[in-house]
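Trainee: PDB, N, CA and C atoms, saved as protein.pdb, coming up:
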```
ATOM      1  N   MET A1365     147.023  19.569 186.084
ATOM      2  CA  MET A1365     146.432  19.194 187.362
ATOM      3  C   MET A1365     145.329  18.181 187.102
ATOM      4  N   ILE A1366     145.455  17.021 187.692
ATOM      5  CA  ILE A1366     144.427  15.991 187.547
ATOM      6  C   ILE A1366     143.872  15.662 188.924
ATOM      7  N   PRO A1367     142.675  16.176 189.234
ATOM      8  CA  PRO A1367     142.076  15.861 190.523
ATOM      9  C   PRO A1367     141.779  14.368 190.640
ATOM     10  N   GLU A1368     141.588  13.919 191.860
ATOM     11  CA  GLU A1368     141.351  12.499 192.124
ATOM     12  C   GLU A1368     140.193  11.954 191.315
ATOM     13  N   ILE A1369     139.131  12.725 191.170
ATOM     14  CA  ILE A1369     137.951  12.219 190.473
ATOM     15  C   ILE A1369     138.248  11.939 189.006
ATOM     16  N   ILE A1370     139.064  12.763 188.364
ATOM     17  CA  ILE A1370     139.420  12.516 186.967
ATOM     18  C   ILE A1370     140.232  11.236 186.866
ATOM     19  N   ALA A1371     141.198  11.057 187.761
ATOM     20  CA  ALA A1371     142.006   9.836 187.764
ATOM     21  C   ALA A1371     141.125   8.611 187.977
ATOM     22  N   THR A1372     140.160   8.706 188.882
ATOM     23  CA  THR A1372     139.251   7.583 189.148
ATOM     24  C   THR A1372     138.400   7.278 187.926
ATOM     25  N   LEU A1373     137.847   8.298 187.290
ATOM     26  CA  LEU A1373     137.022   8.089 186.103
ATOM     27  C   LEU A1373     137.840   7.484 184.966
ATOM     28  N   GLN A1374     139.102   7.895 184.835
ATOM     29  CA  GLN A1374     139.965   7.318 183.807
ATOM     30  C   GLN A1374     140.218   5.840 184.085
ATOM     31  N   LEU A1375     140.428   5.483 185.347
ATOM     32  CA  LEU A1375     140.612   4.074 185.701
ATOM     33  C   LEU A1375     139.378   3.240 185.365
ATOM     34  N   LEU A1376     138.205   3.861 185.463
ATOM     35  CA  LEU A1376     136.963   3.164 185.139
ATOM     36  C   LEU A1376     136.685   3.138 183.636
ATOM     37  N   GLY A1377     137.554   3.758 182.849
ATOM     38  CA  GLY A1377     137.415   3.735 181.402
ATOM     39  C   GLY A1377     136.590   4.871 180.823
ATOM     40  N   ALA A1378     136.252   5.866 181.601
ATOM     41  CA  ALA A1378     135.458   6.995 181.112
ATOM     42  C   ALA A1378     136.314   7.887 180.220
ATOM     43  N   GLU A1379     135.759   8.277 179.101
ATOM     44  CA  GLU A1379     136.441   9.178 178.170
ATOM     45  C   GLU A1379     135.694  10.509 178.139
ATOM     46  N   PRO A1380     136.319  11.582 178.581
ATOM     47  CA  PRO A1380     135.622  12.869 178.616
ATOM     48  C   PRO A1380     135.656  13.598 177.278
ATOM     49  N   VAL A1381     134.709  14.513 177.130
ATOM     50  CA  VAL A1381     134.805  15.543 176.106
ATOM     51  C   VAL A1381     135.501  16.699 176.801
ATOM     52  N   VAL A1382     136.597  17.170 176.239
ATOM     53  CA  VAL A1382     137.393  18.214 176.880
ATOM     54  C   VAL A1382     137.237  19.514 176.099
ATOM     55  N   VAL A1383     136.901  20.584 176.835
ATOM     56  CA  VAL A1383     136.766  21.919 176.256
ATOM     57  C   VAL A1383     137.761  22.813 176.974
ATOM     58  N   THR A1384     138.591  23.523 176.196
ATOM     59  CA  THR A1384     139.595  24.401 176.784
ATOM     60  C   THR A1384     139.426  25.811 176.228
ATOM     61  N   ASP A1385     139.536  26.796 177.120
ATOM     62  CA  ASP A1385     139.480  28.202 176.729
ATOM     63  C   ASP A1385     140.464  28.956 177.611
ATOM     64  N   GLY A1386     141.696  29.111 177.159
ATOM     65  CA  GLY A1386     142.726  29.780 177.955
ATOM     66  C   GLY A1386     143.035  28.985 179.207
ATOM     67  N   ALA A1387     142.844  29.599 180.363
ATOM     68  CA  ALA A1387     143.143  28.958 181.647
ATOM     69  C   ALA A1387     142.019  28.049 182.127
ATOM     70  N   TYR A1388     140.918  27.991 181.374
ATOM     71  CA  TYR A1388     139.742  27.201 181.758
ATOM     72  C   TYR A1388     139.697  25.895 180.969
ATOM     73  N   THR A1389     139.455  24.783 181.682
ATOM     74  CA  THR A1389     139.252  23.484 181.039
ATOM     75  C   THR A1389     138.052  22.805 181.664
ATOM     76  N   ARG A1390     137.191  22.240 180.820
ATOM     77  CA  ARG A1390     136.023  21.490 181.293
ATOM     78  C   ARG A1390     136.122  20.063 180.767
ATOM     79  N   TYR A1391     135.949  19.101 181.682
ATOM     80  CA  TYR A1391     135.915  17.685 181.352
ATOM     81  C   TYR A1391     134.469  17.224 181.517
ATOM     82  N   GLU A1392     133.830  16.841 180.416
ATOM     83  CA  GLU A1392     132.431  16.394 180.456
ATOM     84  C   GLU A1392     132.393  14.881 180.345
ATOM     85  N   TYR A1393     131.767  14.250 181.332
ATOM     86  CA  TYR A1393     131.579  12.803 181.328
ATOM     87  C   TYR A1393     130.086  12.531 181.227
ATOM     88  N   GLN A1394     129.599  12.178 180.023
ATOM     89  CA  GLN A1394     128.179  11.953 179.787
ATOM     90  C   GLN A1394     127.389  13.185 180.249
ATOM     91  N   ASP A1395     126.176  12.969 180.736
ATOM     92  CA  ASP A1395     125.364  14.080 181.233
ATOM     93  C   ASP A1395     125.437  14.195 182.742
ATOM     94  N   SER A1396     126.122  13.266 183.384
ATOM     95  CA  SER A1396     126.010  13.195 184.837
ATOM     96  C   SER A1396     127.210  13.715 185.612
ATOM     97  N   CYS A1397     128.296  14.025 184.957
ATOM     98  CA  CYS A1397     129.495  14.422 185.692
ATOM     99  C   CYS A1397     130.303  15.420 184.867
ATOM    100  N   ARG A1398     130.775  16.459 185.553
ATOM    101  CA  ARG A1398     131.573  17.498 184.905
ATOM    102  C   ARG A1398     132.627  17.981 185.895
ATOM    103  N   ILE A1399     133.846  18.159 185.415
ATOM    104  CA  ILE A1399     134.912  18.753 186.224
ATOM    105  C   ILE A1399     135.404  19.980 185.467
ATOM    106  N   GLU A1400     135.433  21.116 186.168
ATOM    107  CA  GLU A1400     135.904  22.360 185.566
ATOM    108  C   GLU A1400     137.132  22.827 186.339
ATOM    109  N   VAL A1401     138.149  23.243 185.586
ATOM    110  CA  VAL A1401     139.421  23.631 186.176
ATOM    111  C   VAL A1401     139.789  25.014 185.649
ATOM    112  N   VAL A1402     140.137  25.920 186.573
ATOM    113  CA  VAL A1402     140.625  27.239 186.190
ATOM    114  C   VAL A1402     142.000  27.409 186.828
ATOM    115  N   GLU A1403     143.004  27.631 185.990
ATOM    116  CA  GLU A1403     144.387  27.827 186.444
ATOM    117  C   GLU A1403     144.635  29.316 186.679
ATOM    118  N   TYR A1404     145.167  29.641 187.858
ATOM    119  CA  TYR A1404     145.453  31.035 188.205
ATOM    120  C   TYR A1404     146.938  31.324 188.328
ATOM    121  N   GLY A1405     147.804  30.422 187.888
ATOM    122  CA  GLY A1405     149.244  30.624 188.008
ATOM    123  C   GLY A1405     149.782  29.988 189.267
ATOM    124  N   ASP A1406     149.421  30.513 190.442
ATOM    125  CA  ASP A1406     149.919  29.961 191.703
ATOM    126  C   ASP A1406     148.917  29.025 192.370
ATOM    127  N   SER A1407     147.713  28.919 191.796
ATOM    128  CA  SER A1407     146.692  28.033 192.360
ATOM    129  C   SER A1407     145.736  27.587 191.256
ATOM    130  N   THR A1408     144.934  26.591 191.590
ATOM    131  CA  THR A1408     143.985  26.021 190.635
ATOM    132  C   THR A1408     142.654  25.823 191.331
ATOM    133  N   LEU A1409     141.591  26.291 190.702
ATOM    134  CA  LEU A1409     140.233  26.082 191.196
ATOM    135  C   LEU A1409     139.648  24.887 190.456
ATOM    136  N   VAL A1410     139.155  23.904 191.212
ATOM    137  CA  VAL A1410     138.543  22.714 190.633
ATOM    138  C   VAL A1410     137.103  22.633 191.129
ATOM    139  N   VAL A1411     136.163  22.582 190.181
ATOM    140  CA  VAL A1411     134.746  22.449 190.510
ATOM    141  C   VAL A1411     134.274  21.106 189.966
ATOM    142  N   GLU A1412     133.756  20.270 190.858
ATOM    143  CA  GLU A1412     133.226  18.960 190.486
ATOM    144  C   GLU A1412     131.715  19.012 190.610
ATOM    145  N   THR A1413     131.016  18.638 189.536
ATOM    146  CA  THR A1413     129.560  18.652 189.524
ATOM    147  C   THR A1413     129.055  17.282 189.117
ATOM    148  N   VAL A1414     128.125  16.766 189.898
ATOM    149  CA  VAL A1414     127.486  15.488 189.610
ATOM    150  C   VAL A1414     125.985  15.728 189.555
ATOM    151  N   CYS A1415     125.337  15.138 188.552
ATOM    152  CA  CYS A1415     123.890  15.287 188.380
ATOM    153  C   CYS A1415     123.245  13.904 188.436
ATOM    154  N   ALA A1416     122.570  13.627 189.533
ATOM    155  CA  ALA A1416     121.975  12.298 189.683
ATOM    156  C   ALA A1416     120.859  12.298 190.710
ATOM    157  N   PRO A1417     119.700  12.762 190.487
ATOM    158  CA  PRO A1417     119.189  13.476 189.315
ATOM    159  C   PRO A1417     119.383  14.989 189.418
ATOM    160  N   ILE A1418     119.616  15.511 190.626
ATOM    161  CA  ILE A1418     119.798  16.954 190.805
ATOM    162  C   ILE A1418     121.289  17.276 190.765
ATOM    163  N   CYS A1419     121.649  18.327 190.054
ATOM    164  CA  CYS A1419     123.059  18.714 189.978
ATOM    165  C   CYS A1419     123.506  19.349 191.287
ATOM    166  N   SER A1420     124.668  18.922 191.744
ATOM    167  CA  SER A1420     125.264  19.450 192.965
ATOM    168  C   SER A1420     126.769  19.533 192.742
ATOM    169  N   SER A1421     127.381  20.558 193.306
ATOM    170  CA  SER A1421     128.803  20.807 193.047
ATOM    171  C   SER A1421     129.588  20.975 194.336
ATOM    172  N   ARG A1422     130.890  20.790 194.201
ATOM    173  CA  ARG A1422     131.815  21.191 195.252
ATOM    174  C   ARG A1422     132.991  21.877 194.564
ATOM    175  N   ALA A1423     133.588  22.827 195.273
ATOM    176  CA  ALA A1423     134.690  23.600 194.704
ATOM    177  C   ALA A1423     135.859  23.594 195.679
ATOM    178  N   ARG A1424     137.051  23.394 195.127
ATOM    179  CA  ARG A1424     138.266  23.359 195.944
ATOM    180  C   ARG A1424     139.384  24.111 195.238
ATOM    181  N   VAL A1425     140.279  24.668 196.040
ATOM    182  CA  VAL A1425     141.432  25.376 195.501
ATOM    183  C   VAL A1425     142.681  24.593 195.906
ATOM    184  N   TYR A1426     143.559  24.354 194.917
ATOM    185  CA  TYR A1426     144.797  23.610 195.124
ATOM    186  C   TYR A1426     145.990  24.501 194.794
ATOM    187  N   ASP A1427     147.141  24.202 195.410
ATOM    188  CA  ASP A1427     148.360  24.901 195.022
ATOM    189  C   ASP A1427     148.976  24.175 193.830
ATOM    190  N   ASN A1428     150.147  24.634 193.378
ATOM    191  CA  ASN A1428     150.785  24.050 192.199
ATOM    192  C   ASN A1428     151.332  22.649 192.433
ATOM    193  N   LYS A1429     151.387  22.223 193.678
ATOM    194  CA  LYS A1429     151.839  20.864 193.993
ATOM    195  C   LYS A1429     150.647  19.952 194.284
ATOM    196  N   GLU A1430     149.463  20.401 193.873
ATOM    197  CA  GLU A1430     148.203  19.671 194.035
ATOM    198  C   GLU A1430     147.832  19.423 195.493
ATOM    199  N   ARG A1431     148.271  20.315 196.374
ATOM    200  CA  ARG A1431     147.856  20.256 197.782
ATOM    201  C   ARG A1431     146.608  21.113 197.945
ATOM    202  N   LEU A1432     145.648  20.573 198.669
ATOM    203  CA  LEU A1432     144.417  21.305 198.916
ATOM    204  C   LEU A1432     144.696  22.522 199.786
ATOM    205  N   LEU A1433     144.316  23.699 199.293
ATOM    206  CA  LEU A1433     144.456  24.930 200.065
ATOM    207  C   LEU A1433     143.182  25.235 200.838
ATOM    208  N   ARG A1434     142.034  25.076 200.157
ATOM    209  CA  ARG A1434     140.763  25.332 200.836
ATOM    210  C   ARG A1434     139.606  24.819 200.003
ATOM    211  N   THR A1435     138.499  24.617 200.693
ATOM    212  CA  THR A1435     137.242  24.274 200.052
ATOM    213  C   THR A1435     136.388  25.528 200.044
ATOM    214  N   ILE A1436     135.793  25.825 198.920
ATOM    215  CA  ILE A1436     134.925  26.993 198.814
ATOM    216  C   ILE A1436     133.529  26.571 199.258
ATOM    217  N   THR A1437     133.019  27.249 200.250
ATOM    218  CA  THR A1437     131.733  26.905 200.826
ATOM    219  C   THR A1437     130.624  27.733 200.176
ATOM    220  N   PRO A1438     129.606  27.051 199.623
ATOM    221  CA  PRO A1438     128.474  27.798 199.058
ATOM    222  C   PRO A1438     127.545  28.257 200.175
ATOM    223  N   MET A1439     126.362  28.717 199.814
ATOM    224  CA  MET A1439     125.382  29.166 200.798
ATOM    225  C   MET A1439     125.079  28.042 201.790
ATOM    226  N   ALA A1440     124.961  28.387 203.055
ATOM    227  CA  ALA A1440     124.814  27.401 204.125
ATOM    228  C   ALA A1440     123.525  26.610 204.039
ATOM    229  N   SER A1441     122.472  27.195 203.508
ATOM    230  CA  SER A1441     121.168  26.529 203.495
ATOM    231  C   SER A1441     121.015  25.516 202.358
ATOM    232  N   ALA A1442     121.944  25.470 201.436
ATOM    233  CA  ALA A1442     121.804  24.616 200.254
ATOM    234  C   ALA A1442     122.158  23.165 200.551
ATOM    235  N   VAL A1443     121.231  22.283 200.254
ATOM    236  CA  VAL A1443     121.507  20.849 200.318
ATOM    237  C   VAL A1443     122.147  20.412 199.003
ATOM    238  N   PHE A1444     121.693  21.016 197.900
ATOM    239  CA  PHE A1444     122.229  20.732 196.577
ATOM    240  C   PHE A1444     122.779  22.027 195.959
ATOM    241  N   PRO A1445     123.940  22.510 196.423
ATOM    242  CA  PRO A1445     124.513  23.716 195.828
ATOM    243  C   PRO A1445     125.070  23.401 194.440
ATOM    244  N   TYR A1446     124.812  24.267 193.491
ATOM    245  CA  TYR A1446     125.266  24.072 192.124
ATOM    246  C   TYR A1446     126.175  25.232 191.733
ATOM    247  N   ALA A1447     127.386  24.907 191.306
ATOM    248  CA  ALA A1447     128.366  25.919 190.917
ATOM    249  C   ALA A1447     128.421  26.026 189.390
ATOM    250  N   TYR A1448     128.576  27.247 188.918
ATOM    251  CA  TYR A1448     128.775  27.467 187.492
ATOM    252  C   TYR A1448     129.658  28.690 187.323
ATOM    253  N   PHE A1449     130.197  28.858 186.129
ATOM    254  CA  PHE A1449     131.047  30.003 185.824
ATOM    255  C   PHE A1449     130.304  30.945 184.895
ATOM    256  N   ASP A1450     130.439  32.251 185.166
ATOM    257  CA  ASP A1450     129.863  33.227 184.253
ATOM    258  C   ASP A1450     130.805  33.392 183.053
ATOM    259  N   GLU A1451     130.496  34.335 182.178
ATOM    260  CA  GLU A1451     131.278  34.513 180.952
ATOM    261  C   GLU A1451     132.725  34.959 181.204
ATOM    262  N   LYS A1452     133.018  35.469 182.405
ATOM    263  CA  LYS A1452     134.392  35.861 182.762
ATOM    264  C   LYS A1452     135.059  34.810 183.653
ATOM    265  N   TYR A1453     134.446  33.647 183.740
ATOM    266  CA  TYR A1453     134.930  32.529 184.560
ATOM    267  C   TYR A1453     135.016  32.866 186.045
ATOM    268  N   GLN A1454     134.039  33.653 186.492
ATOM    269  CA  GLN A1454     133.873  33.901 187.919
ATOM    270  C   GLN A1454     132.918  32.844 188.455
ATOM    271  N   LEU A1455     133.256  32.238 189.582
ATOM    272  CA  LEU A1455     132.444  31.182 190.159
ATOM    273  C   LEU A1455     131.172  31.759 190.771
ATOM    274  N   LYS A1456     130.042  31.154 190.438
ATOM    275  CA  LYS A1456     128.727  31.549 190.961
ATOM    276  C   LYS A1456     128.043  30.305 191.520
ATOM    277  N   TRP A1457     127.137  30.522 192.475
ATOM    278  CA  TRP A1457     126.402  29.412 193.096
ATOM    279  C   TRP A1457     124.903  29.661 193.015
ATOM    280  N   ILE A1458     124.151  28.571 192.827
ATOM    281  CA  ILE A1458     122.706  28.605 193.003
ATOM    282  C   ILE A1458     122.325  27.406 193.866
ATOM    283  N   ASP A1459     121.180  27.499 194.487
ATOM    284  CA  ASP A1459     120.692  26.428 195.354
ATOM    285  C   ASP A1459     119.684  25.593 194.575
ATOM    286  N   ASN A1460     120.052  24.359 194.246
ATOM    287  CA  ASN A1460     119.167  23.459 193.503
ATOM    288  C   ASN A1460     118.251  22.640 194.405
ATOM    289  N   THR A1461     118.257  22.889 195.692
ATOM    290  CA  THR A1461     117.493  22.084 196.639
ATOM    291  C   THR A1461     116.003  22.062 196.292
ATOM    292  N   SER A1462     115.459  23.188 195.874
ATOM    293  CA  SER A1462     114.016  23.253 195.591
ATOM    294  C   SER A1462     113.597  22.304 194.473
ATOM    295  N   LEU A1463     114.516  21.909 193.605
ATOM    296  CA  LEU A1463     114.189  20.987 192.528
ATOM    297  C   LEU A1463     113.855  19.591 193.039
ATOM    298  N   MET A1464     114.287  19.281 194.253
ATOM    299  CA  MET A1464     114.058  17.969 194.837
ATOM    300  C   MET A1464     112.801  17.942 195.704
ATOM    301  N   LEU A1465     112.243  19.104 196.016
ATOM    302  CA  LEU A1465     111.117  19.198 196.939
ATOM    303  C   LEU A1465     109.800  19.367 196.190
ATOM    304  N   ASP A1466     108.707  18.911 196.808
ATOM    305  CA  ASP A1466     107.401  19.160 196.210
ATOM    306  C   ASP A1466     106.928  20.557 196.612
ATOM    307  N   ASN A1467     105.754  20.971 196.150
ATOM    308  CA  ASN A1467     105.259  22.330 196.401
ATOM    309  C   ASN A1467     105.123  22.643 197.885
ATOM    310  N   GLU A1468     104.555  21.715 198.655
ATOM    311  CA  GLU A1468     104.382  21.943 200.103
ATOM    312  C   GLU A1468     105.727  22.084 200.809
ATOM    313  N   GLU A1469     106.683  21.237 200.455
ATOM    314  CA  GLU A1469     108.005  21.316 201.081
ATOM    315  C   GLU A1469     108.690  22.637 200.731
ATOM    316  N   ASN A1470     108.544  23.083 199.512
ATOM    317  CA  ASN A1470     109.130  24.358 199.120
ATOM    318  C   ASN A1470     108.489  25.522 199.850
ATOM    319  N   LYS A1471     107.157  25.475 200.057
ATOM    320  CA  LYS A1471     106.477  26.537 200.795
ATOM    321  C   LYS A1471     106.995  26.592 202.231
ATOM    322  N   ARG A1472     107.099  25.427 202.892
ATOM    323  CA  ARG A1472     107.608  25.390 204.269
ATOM    324  C   ARG A1472     109.043  25.884 204.340
ATOM    325  N   ARG A1473     109.849  25.493 203.381
ATOM    326  CA  ARG A1473     111.267  25.896 203.363
ATOM    327  C   ARG A1473     111.394  27.411 203.197
ATOM    328  N   ASN A1474     110.555  27.979 202.360
ATOM    329  CA  ASN A1474     110.624  29.422 202.078
ATOM    330  C   ASN A1474     110.064  30.287 203.194
ATOM    331  N   THR A1475     109.268  29.704 204.082
ATOM    332  CA  THR A1475     108.724  30.494 205.193
ATOM    333  C   THR A1475     109.593  30.419 206.443
ATOM    334  N   ASN A1476     110.576  29.523 206.445
ATOM    335  CA  ASN A1476     111.470  29.408 207.623
ATOM    336  C   ASN A1476     112.613  30.358 207.564
TER
END
```
For the structure just supplied, provide its representation as structure tokens.

Mentor:
Amino acid sequence: MIPEIIATLQLLGAEPVVVTDGAYTRYEYQDSCRIEVVEYGDSTLVVETVCAPICSSRARVYDNKERLLRTITPMASAVFPYAYFDEKYQLKWIDNTSLMLDNEENKRRNTN
């Protein structure tokens, strides 16, 4: 399964570092872009993460014919949601929005 972003990066001449562990594959492009793929047999989870300067992710599930089945929605309040996998390759989310805000903005955000 090659998501559109991987095909685009290949056209631009980007060469990834590829890490594979069973059904999990990670494509690392420098420090600013990462695509993680988990194959489930009948579907594929693709997580795209871009860091410029704050890391933010999107996650989508595709069928075996590379048709989009659904987009996984992180927490509603996150402007910069960041997806990562735990040691069992379960998808987890954190909100990186506070990294972009100063102290006063974070205080106001946390009191609302």

Trainee: Can you tell me which residues surround Thr1413 of chain A at a distance of at most 7 Å, considering only N, CA and C atoms, apart from same-chain residues fewer than 4 positions away, and format the answer as number ranges by chain?

Mentor: A: 1396-1400, 1419-1422, 1447

Trainee: Please report, as a list in words, each residue of chain A to which DSSP assigns alpha helix (DSSP H) when run on this structure's backbone.

Mentor: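 Going through chain A, the alpha helix (DSSP H) residues come out as Glu1368, Ile1369, Ile1370, Ala1371, Thr1372, Leu1373, Gln1374, Leu1375, Asn1467, Glu1468, Glu1469, Asn1470, Lys1471, Arg1472, Arg1473, Asn1474 and Thr1475 of chain A.
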
Trainee: Determine, counting only N, CA and C atoms, which protein, DNA and RNA residues have an atom within 7 Å of an atom of Asp1406 of chain A; residues of the same chain fewer than 3 positions away are not included. Present the result as a PyMOL selection string.

Mentor: chain A and resi 1403+1426-1428

Trainee: For each of A:Glu1430, A:Arg1390, A:Val1401, A:Thr1461, take the minimum atom-to-atom distance to Phe1444 of chain A, counting all atoms listed in the file, then give the residue where this is smallest.

Mentor: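 Result for the nearest residue to Phe1444 of chain A: A:Thr1461.
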
Trainee: Quote the spacing between atom C of Leu1432 of chain A and atom CA of Asp1459 of chain A in Å to one decimal place.

Mentor: 24.7 Å

Trainee: Give me the residues near Val1425 of chain A as a list in words, where near means some atom within 8 Å (using only C-alpha atoms) and where sequence neighbours in that chain fewer than 4 positions away do not count.

Mentor: Ser1407, Thr1408, Leu1409, Val1410, Leu1432, Leu1433, Arg1434, Thr1435 and Ile1436 of chain A

Trainee: Taking the backbone alone, and naming residues the way the document does, which bits of chain A are strand (DSSP E or B) by DSSP, as number ranges by chain?

Mentor: A: 1381-1385, 1388-1393, 1397-1403, 1407-1415, 1419-1427, 1432-1436, 1445-1449, 1455-1459

Trainee: One decimal, Å: what's the distance from atom CA of Pro1417 of chain A over to atom CA of Met1464 of chain A, could you say?

Mentor: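 About the pair atom CA of Pro1417 of chain A and atom CA of Met1464 of chain A: they are 8.8 Å apart.
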
Trainee: Suppose you want the space between atom CA of Ala1440 of chain A and atom CA of Val1414 of chain A; what is it in Å?

Mentor: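 Result for atom CA of Ala1440 of chain A versus atom CA of Val1414 of chain A: 19.0 Å, one decimal.
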
Trainee: Determine the residue membership of the PyMOL selection byres (((chain A and resi 1387 and name CA) around 7) and name CA) for the file above and supply it as a count of residues only.

Mentor: 6

Trainee: How big is the axis-aligned box around all listed atoms of segment 1395-1401 of chain A once 5 Å goes on each side, and where's its centre, in Å to one decimal, as JSON?

Mentor:
```
{"center_x": 132.6, "center_y": 19.0, "center_z": 183.5, "size_x": 24.4, "size_y": 22.0, "size_z": 15.6}
```

Trainee: A:Gln1374, A:Ile1418, A:Arg1431, A:Pro1380: which is nearest Tyr1446 of chain A, counting all atoms listed in the file?

Mentor: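 That would be A:Ile1418, the residue with the smallest distance to Tyr1446 of chain A.
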